[in-house]
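To be precise, the following lines are data.cif, and they hold mmCIF, N, CA, C and O atoms.
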```cif
data_final
#
loop_
_atom_site.label_atom_id
_atom_site.label_comp_id
_atom_site.auth_asym_id
_atom_site.auth_seq_id
_atom_site.Cartn_x
_atom_site.Cartn_y
_atom_site.Cartn_z
N MET B 20 39.46 -34.58 0.57
CA MET B 20 38.68 -33.57 1.24
C MET B 20 37.64 -32.99 0.29
O MET B 20 37.96 -32.60 -0.81
N SER B 21 36.42 -32.95 0.70
CA SER B 21 35.35 -32.38 -0.12
C SER B 21 35.08 -30.94 0.32
O SER B 21 35.07 -30.63 1.50
N TYR B 22 34.87 -30.10 -0.66
CA TYR B 22 34.49 -28.72 -0.39
C TYR B 22 32.98 -28.65 -0.20
O TYR B 22 32.26 -29.55 -0.62
N PRO B 23 32.49 -27.57 0.39
CA PRO B 23 31.02 -27.42 0.50
C PRO B 23 30.38 -27.44 -0.88
O PRO B 23 30.96 -26.97 -1.85
N SER B 24 29.19 -28.01 -0.93
CA SER B 24 28.46 -28.04 -2.20
C SER B 24 28.13 -26.63 -2.66
O SER B 24 27.98 -25.72 -1.84
N ILE B 25 28.03 -26.47 -3.97
CA ILE B 25 27.66 -25.19 -4.57
C ILE B 25 26.43 -25.41 -5.42
O ILE B 25 26.39 -26.33 -6.24
N VAL B 26 25.42 -24.57 -5.25
CA VAL B 26 24.23 -24.61 -6.09
C VAL B 26 24.39 -23.56 -7.18
O VAL B 26 24.60 -22.39 -6.90
N ILE B 27 24.33 -24.03 -8.43
CA ILE B 27 24.36 -23.14 -9.59
C ILE B 27 22.94 -23.11 -10.15
O ILE B 27 22.36 -24.15 -10.43
N TYR B 28 22.38 -21.91 -10.28
CA TYR B 28 21.00 -21.82 -10.75
C TYR B 28 20.93 -20.96 -12.02
O TYR B 28 21.71 -20.04 -12.21
N GLY B 29 19.98 -21.33 -12.87
CA GLY B 29 19.77 -20.60 -14.10
C GLY B 29 18.68 -21.26 -14.91
O GLY B 29 18.22 -22.36 -14.59
N PRO B 30 18.26 -20.61 -15.98
CA PRO B 30 17.17 -21.16 -16.79
C PRO B 30 17.61 -22.38 -17.59
O PRO B 30 18.80 -22.56 -17.88
N LEU B 31 16.65 -23.22 -17.91
CA LEU B 31 16.94 -24.34 -18.80
C LEU B 31 17.46 -23.80 -20.12
O LEU B 31 17.01 -22.76 -20.60
N GLY B 32 18.43 -24.48 -20.70
CA GLY B 32 19.00 -24.05 -21.97
C GLY B 32 20.12 -23.04 -21.84
O GLY B 32 20.64 -22.56 -22.83
N SER B 33 20.54 -22.73 -20.60
CA SER B 33 21.58 -21.72 -20.41
C SER B 33 22.99 -22.28 -20.58
O SER B 33 23.95 -21.52 -20.70
N GLY B 34 23.15 -23.61 -20.54
CA GLY B 34 24.46 -24.22 -20.69
C GLY B 34 25.00 -24.85 -19.42
O GLY B 34 26.13 -25.31 -19.38
N MET B 35 24.18 -24.87 -18.36
CA MET B 35 24.63 -25.46 -17.10
C MET B 35 25.04 -26.91 -17.26
O MET B 35 26.10 -27.32 -16.78
N ARG B 36 24.21 -27.70 -17.92
CA ARG B 36 24.52 -29.13 -18.09
C ARG B 36 25.74 -29.33 -18.98
O ARG B 36 26.57 -30.19 -18.72
N THR B 37 25.85 -28.53 -20.01
CA THR B 37 26.98 -28.65 -20.94
C THR B 37 28.30 -28.41 -20.23
O THR B 37 29.29 -29.10 -20.50
N ASN B 38 28.34 -27.44 -19.34
CA ASN B 38 29.58 -27.08 -18.66
C ASN B 38 29.68 -27.62 -17.24
O ASN B 38 30.59 -27.23 -16.49
N ALA B 39 28.81 -28.52 -16.85
CA ALA B 39 28.76 -29.01 -15.47
C ALA B 39 30.07 -29.67 -15.04
O ALA B 39 30.58 -29.40 -13.94
N GLN B 40 30.63 -30.54 -15.86
CA GLN B 40 31.87 -31.22 -15.46
C GLN B 40 33.03 -30.24 -15.33
O GLN B 40 33.85 -30.34 -14.41
N ALA B 41 33.11 -29.27 -16.23
CA ALA B 41 34.17 -28.26 -16.15
C ALA B 41 34.01 -27.42 -14.88
O ALA B 41 35.00 -27.12 -14.21
N LEU B 42 32.78 -27.05 -14.54
CA LEU B 42 32.53 -26.29 -13.32
C LEU B 42 32.86 -27.12 -12.08
O LEU B 42 33.44 -26.61 -11.11
N CYS B 43 32.51 -28.39 -12.12
CA CYS B 43 32.78 -29.29 -11.00
C CYS B 43 34.29 -29.35 -10.74
O CYS B 43 34.75 -29.21 -9.60
N GLN B 44 35.07 -29.52 -11.78
CA GLN B 44 36.53 -29.56 -11.65
C GLN B 44 37.08 -28.21 -11.19
O GLN B 44 37.95 -28.14 -10.33
N HIS B 45 36.56 -27.14 -11.76
CA HIS B 45 37.03 -25.80 -11.44
C HIS B 45 36.88 -25.50 -9.95
O HIS B 45 37.76 -24.92 -9.33
N PHE B 46 35.76 -25.88 -9.37
CA PHE B 46 35.48 -25.60 -7.97
C PHE B 46 35.95 -26.71 -7.03
O PHE B 46 35.72 -26.65 -5.82
N GLY B 47 36.60 -27.74 -7.55
CA GLY B 47 37.14 -28.81 -6.73
C GLY B 47 36.09 -29.69 -6.09
O GLY B 47 36.27 -30.19 -4.98
N LEU B 48 35.00 -29.92 -6.81
CA LEU B 48 33.89 -30.73 -6.28
C LEU B 48 33.97 -32.15 -6.85
O LEU B 48 34.61 -32.40 -7.85
N ASP B 49 33.27 -33.07 -6.18
CA ASP B 49 33.38 -34.49 -6.51
C ASP B 49 32.39 -34.98 -7.57
O ASP B 49 32.69 -35.89 -8.32
N PHE B 50 31.19 -34.40 -7.61
CA PHE B 50 30.18 -34.90 -8.54
C PHE B 50 29.14 -33.83 -8.84
O PHE B 50 29.06 -32.82 -8.15
N VAL B 51 28.36 -34.08 -9.90
CA VAL B 51 27.29 -33.17 -10.32
C VAL B 51 25.96 -33.80 -9.95
O VAL B 51 25.73 -34.98 -10.20
N LEU B 52 25.09 -32.99 -9.36
CA LEU B 52 23.73 -33.41 -9.04
C LEU B 52 22.79 -32.50 -9.81
O LEU B 52 22.69 -31.31 -9.52
N ASP B 53 22.13 -33.04 -10.82
CA ASP B 53 21.25 -32.26 -11.69
C ASP B 53 19.83 -32.30 -11.13
O ASP B 53 19.15 -33.31 -11.20
N GLN B 54 19.39 -31.18 -10.57
CA GLN B 54 18.04 -31.09 -10.02
C GLN B 54 17.19 -30.11 -10.81
O GLN B 54 16.25 -29.54 -10.29
N THR B 55 17.51 -29.92 -12.07
CA THR B 55 16.78 -28.95 -12.87
C THR B 55 15.35 -29.37 -13.16
O THR B 55 14.53 -28.55 -13.51
N GLU B 56 15.03 -30.65 -12.99
CA GLU B 56 13.67 -31.12 -13.23
C GLU B 56 12.83 -31.15 -11.96
O GLU B 56 11.63 -31.35 -12.01
N ASP B 57 13.47 -30.98 -10.78
CA ASP B 57 12.73 -31.02 -9.52
C ASP B 57 12.00 -29.71 -9.27
O ASP B 57 12.31 -28.69 -9.86
N THR B 58 11.08 -29.73 -8.34
CA THR B 58 10.40 -28.51 -7.93
C THR B 58 11.32 -27.72 -7.02
O THR B 58 12.20 -28.28 -6.38
N PRO B 59 11.15 -26.41 -6.92
CA PRO B 59 12.03 -25.60 -6.08
C PRO B 59 12.07 -26.06 -4.62
O PRO B 59 13.11 -26.00 -3.99
N ALA B 60 10.98 -26.53 -4.08
CA ALA B 60 10.95 -26.94 -2.68
C ALA B 60 11.89 -28.12 -2.43
O ALA B 60 12.58 -28.17 -1.42
N THR B 61 11.94 -29.08 -3.34
CA THR B 61 12.81 -30.23 -3.13
C THR B 61 14.26 -29.89 -3.46
O THR B 61 15.16 -30.45 -2.88
N THR B 62 14.48 -28.97 -4.37
CA THR B 62 15.85 -28.62 -4.73
C THR B 62 16.60 -28.05 -3.55
O THR B 62 17.71 -28.46 -3.26
N ALA B 63 16.03 -27.10 -2.86
CA ALA B 63 16.73 -26.45 -1.75
C ALA B 63 16.93 -27.39 -0.57
O ALA B 63 17.93 -27.32 0.12
N ALA B 64 15.99 -28.27 -0.35
CA ALA B 64 16.02 -29.08 0.86
C ALA B 64 16.83 -30.37 0.73
O ALA B 64 17.21 -30.94 1.73
N HIS B 65 17.10 -30.84 -0.47
CA HIS B 65 17.67 -32.17 -0.63
C HIS B 65 18.97 -32.21 -1.42
O HIS B 65 19.17 -33.08 -2.23
N HIS B 66 19.89 -31.30 -1.15
CA HIS B 66 21.19 -31.43 -1.81
C HIS B 66 22.26 -31.76 -0.77
O HIS B 66 22.12 -31.41 0.39
N PRO B 67 23.29 -32.47 -1.18
CA PRO B 67 24.35 -32.86 -0.25
C PRO B 67 25.07 -31.63 0.32
O PRO B 67 25.21 -30.62 -0.34
N VAL B 68 25.56 -31.76 1.53
CA VAL B 68 26.24 -30.66 2.19
C VAL B 68 27.65 -30.46 1.64
O VAL B 68 28.13 -29.34 1.57
N ARG B 69 28.29 -31.52 1.21
CA ARG B 69 29.68 -31.41 0.75
C ARG B 69 29.88 -32.13 -0.59
O ARG B 69 29.30 -33.17 -0.84
N GLY B 70 30.74 -31.54 -1.42
CA GLY B 70 31.26 -32.21 -2.58
C GLY B 70 30.44 -32.21 -3.85
O GLY B 70 30.84 -32.80 -4.84
N ALA B 71 29.29 -31.53 -3.88
CA ALA B 71 28.43 -31.61 -5.07
C ALA B 71 28.29 -30.25 -5.75
O ALA B 71 28.20 -29.22 -5.09
N LEU B 72 28.25 -30.29 -7.05
CA LEU B 72 27.82 -29.15 -7.84
C LEU B 72 26.35 -29.43 -8.15
O LEU B 72 26.04 -30.40 -8.85
N VAL B 73 25.46 -28.65 -7.59
CA VAL B 73 24.02 -28.87 -7.74
C VAL B 73 23.49 -27.90 -8.78
O VAL B 73 23.66 -26.69 -8.65
N LEU B 74 22.85 -28.44 -9.82
CA LEU B 74 22.25 -27.61 -10.87
C LEU B 74 20.78 -27.44 -10.56
O LEU B 74 20.08 -28.41 -10.29
N SER B 75 20.29 -26.22 -10.65
CA SER B 75 18.90 -25.93 -10.33
C SER B 75 18.38 -24.82 -11.22
O SER B 75 19.14 -23.96 -11.66
N THR B 76 17.08 -24.83 -11.47
CA THR B 76 16.48 -23.73 -12.23
C THR B 76 16.00 -22.60 -11.32
O THR B 76 15.67 -21.54 -11.80
N GLU B 77 15.97 -22.84 -10.02
CA GLU B 77 15.51 -21.85 -9.06
C GLU B 77 16.63 -21.47 -8.10
O GLU B 77 17.41 -22.32 -7.68
N ARG B 78 16.67 -20.21 -7.73
CA ARG B 78 17.64 -19.77 -6.72
C ARG B 78 17.22 -20.34 -5.37
O ARG B 78 16.09 -20.14 -4.93
N PRO B 79 18.11 -21.04 -4.68
CA PRO B 79 17.75 -21.62 -3.39
C PRO B 79 17.64 -20.55 -2.31
O PRO B 79 18.38 -19.57 -2.33
N GLU B 80 16.73 -20.76 -1.39
CA GLU B 80 16.52 -19.78 -0.32
C GLU B 80 17.45 -20.00 0.86
O GLU B 80 17.86 -19.06 1.51
N HIS B 81 17.78 -21.26 1.15
CA HIS B 81 18.53 -21.56 2.36
C HIS B 81 19.80 -22.34 2.05
O HIS B 81 19.87 -23.54 2.24
N THR B 82 20.81 -21.65 1.55
CA THR B 82 22.10 -22.27 1.31
C THR B 82 23.18 -21.21 1.41
O THR B 82 22.96 -20.04 1.11
N ASP B 83 24.35 -21.61 1.87
CA ASP B 83 25.45 -20.66 2.01
C ASP B 83 26.22 -20.46 0.71
O ASP B 83 26.82 -19.42 0.52
N PHE B 84 26.21 -21.47 -0.15
CA PHE B 84 27.00 -21.40 -1.37
C PHE B 84 26.11 -21.58 -2.59
O PHE B 84 25.76 -22.70 -2.95
N SER B 85 25.75 -20.47 -3.21
CA SER B 85 24.99 -20.54 -4.46
C SER B 85 25.40 -19.35 -5.32
O SER B 85 25.87 -18.33 -4.82
N MET B 86 25.23 -19.52 -6.63
CA MET B 86 25.50 -18.43 -7.55
C MET B 86 24.75 -18.68 -8.84
O MET B 86 24.41 -19.82 -9.16
N SER B 87 24.51 -17.61 -9.56
CA SER B 87 23.85 -17.75 -10.85
C SER B 87 24.80 -18.43 -11.82
O SER B 87 26.03 -18.39 -11.64
N TYR B 88 24.23 -19.03 -12.86
CA TYR B 88 25.08 -19.66 -13.85
C TYR B 88 25.96 -18.63 -14.55
O TYR B 88 27.12 -18.90 -14.85
N ALA B 89 25.45 -17.42 -14.75
CA ALA B 89 26.25 -16.37 -15.40
C ALA B 89 27.51 -16.07 -14.59
O ALA B 89 28.60 -15.94 -15.16
N LEU B 90 27.40 -15.99 -13.27
CA LEU B 90 28.57 -15.75 -12.43
C LEU B 90 29.50 -16.96 -12.43
O LEU B 90 30.72 -16.81 -12.50
N ALA B 91 28.94 -18.16 -12.38
CA ALA B 91 29.76 -19.38 -12.43
C ALA B 91 30.55 -19.45 -13.73
O ALA B 91 31.72 -19.83 -13.74
N GLU B 92 29.92 -19.06 -14.81
CA GLU B 92 30.59 -19.07 -16.11
C GLU B 92 31.75 -18.07 -16.13
O GLU B 92 32.81 -18.35 -16.68
N GLN B 93 31.57 -16.92 -15.49
CA GLN B 93 32.66 -15.95 -15.38
C GLN B 93 33.82 -16.52 -14.58
O GLN B 93 34.98 -16.34 -14.94
N HIS B 94 33.51 -17.22 -13.47
CA HIS B 94 34.56 -17.88 -12.69
C HIS B 94 35.34 -18.84 -13.57
O HIS B 94 36.56 -18.88 -13.52
N LEU B 95 34.60 -19.63 -14.34
CA LEU B 95 35.22 -20.64 -15.19
C LEU B 95 36.14 -20.02 -16.24
O LEU B 95 37.24 -20.52 -16.49
N MET B 96 35.72 -18.94 -16.83
CA MET B 96 36.46 -18.33 -17.92
C MET B 96 37.59 -17.39 -17.47
O MET B 96 38.61 -17.29 -18.13
N LEU B 97 37.40 -16.70 -16.33
CA LEU B 97 38.31 -15.61 -15.97
C LEU B 97 39.21 -15.88 -14.78
O LEU B 97 40.23 -15.23 -14.63
N LEU B 98 38.84 -16.80 -13.91
CA LEU B 98 39.59 -16.99 -12.67
C LEU B 98 40.26 -18.36 -12.65
O LEU B 98 39.74 -19.31 -13.21
N PRO B 99 41.41 -18.47 -12.00
CA PRO B 99 42.08 -19.77 -11.93
C PRO B 99 41.27 -20.78 -11.15
O PRO B 99 40.48 -20.42 -10.27
N ALA B 100 41.45 -22.04 -11.47
CA ALA B 100 40.73 -23.12 -10.77
C ALA B 100 40.99 -23.03 -9.28
O ALA B 100 42.09 -22.71 -8.83
N GLY B 101 39.95 -23.30 -8.50
CA GLY B 101 40.05 -23.27 -7.07
C GLY B 101 39.94 -21.88 -6.46
O GLY B 101 40.08 -21.71 -5.27
N TYR B 102 39.69 -20.88 -7.30
CA TYR B 102 39.56 -19.50 -6.79
C TYR B 102 38.43 -19.44 -5.79
O TYR B 102 37.36 -19.96 -6.04
N PRO B 103 38.66 -18.82 -4.63
CA PRO B 103 37.60 -18.80 -3.60
C PRO B 103 36.36 -18.06 -4.07
O PRO B 103 36.46 -17.12 -4.84
N LEU B 104 35.23 -18.49 -3.53
CA LEU B 104 33.96 -17.85 -3.88
C LEU B 104 33.91 -16.50 -3.31
O LEU B 104 33.70 -15.84 -2.65
#
```
Could you render the structure from this file as structure tokens?
Amino acid sequence: MSYPSIVIYGPLGSGMRTNAQALCQHFGLDFVLDQTEDTPATTAAHHPVRGALVLSTERPEHTDFSMSYALAEQHLMLLPAGYPL
């Protein structure tokens, strides 16, 4: 069973790529989709609906599951794996 995709957004160099696999496992997702090099318009419109941890430099406008990298990092460090958003 795949969970809904989550978009993690933050500036380049913040550590998103370094911790992507750990975040993917923490949230029970299947794969990482790195869209940090895409333009904001394509990032929001072209991510999978289920099972992906999507990395982006821009906050998406139209998605149900997104969070800043700072908040995702807090989830990773302070909350048990699978903790609901």
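As for atom C of B:Ser24 and atom N of B:Phe50, they are spaced 9.7 Å apart.
Proximity of B:Leu31, B:Thr37, B:Tyr22, B:Pro67 to B:Asp49, computed with all atoms listed in the file, is greatest for B:Tyr22.
Here atom CA of B:Arg69 is placed at a distance of 26.2 Å from atom CA of B:Gly32.
Atom pair atom CA of B:Phe46 / atom CA of B:Ala91: separated by 9.6 Å.
Shortest separation to B:Leu98 among B:His45, B:Ser75, B:Gly70, B:Val51 occurs at residue B:His45, atoms counted being only C-alpha atoms.
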**Message:** If we count only N, CA, C and O atoms and set the cut-off at 6 Å, which residues sit around B:Leu74, ignoring sequence neighbours fewer than 5 positions away in its own chain? Please answer as an MDAnalysis selection string.
**Reply:** chainID B and resid 25:28 52:55
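Closest approach to B:Leu72 among B:Met86, B:Arg36, B:Leu97, B:Leu48: B:Leu48, based on only C-alpha atoms.
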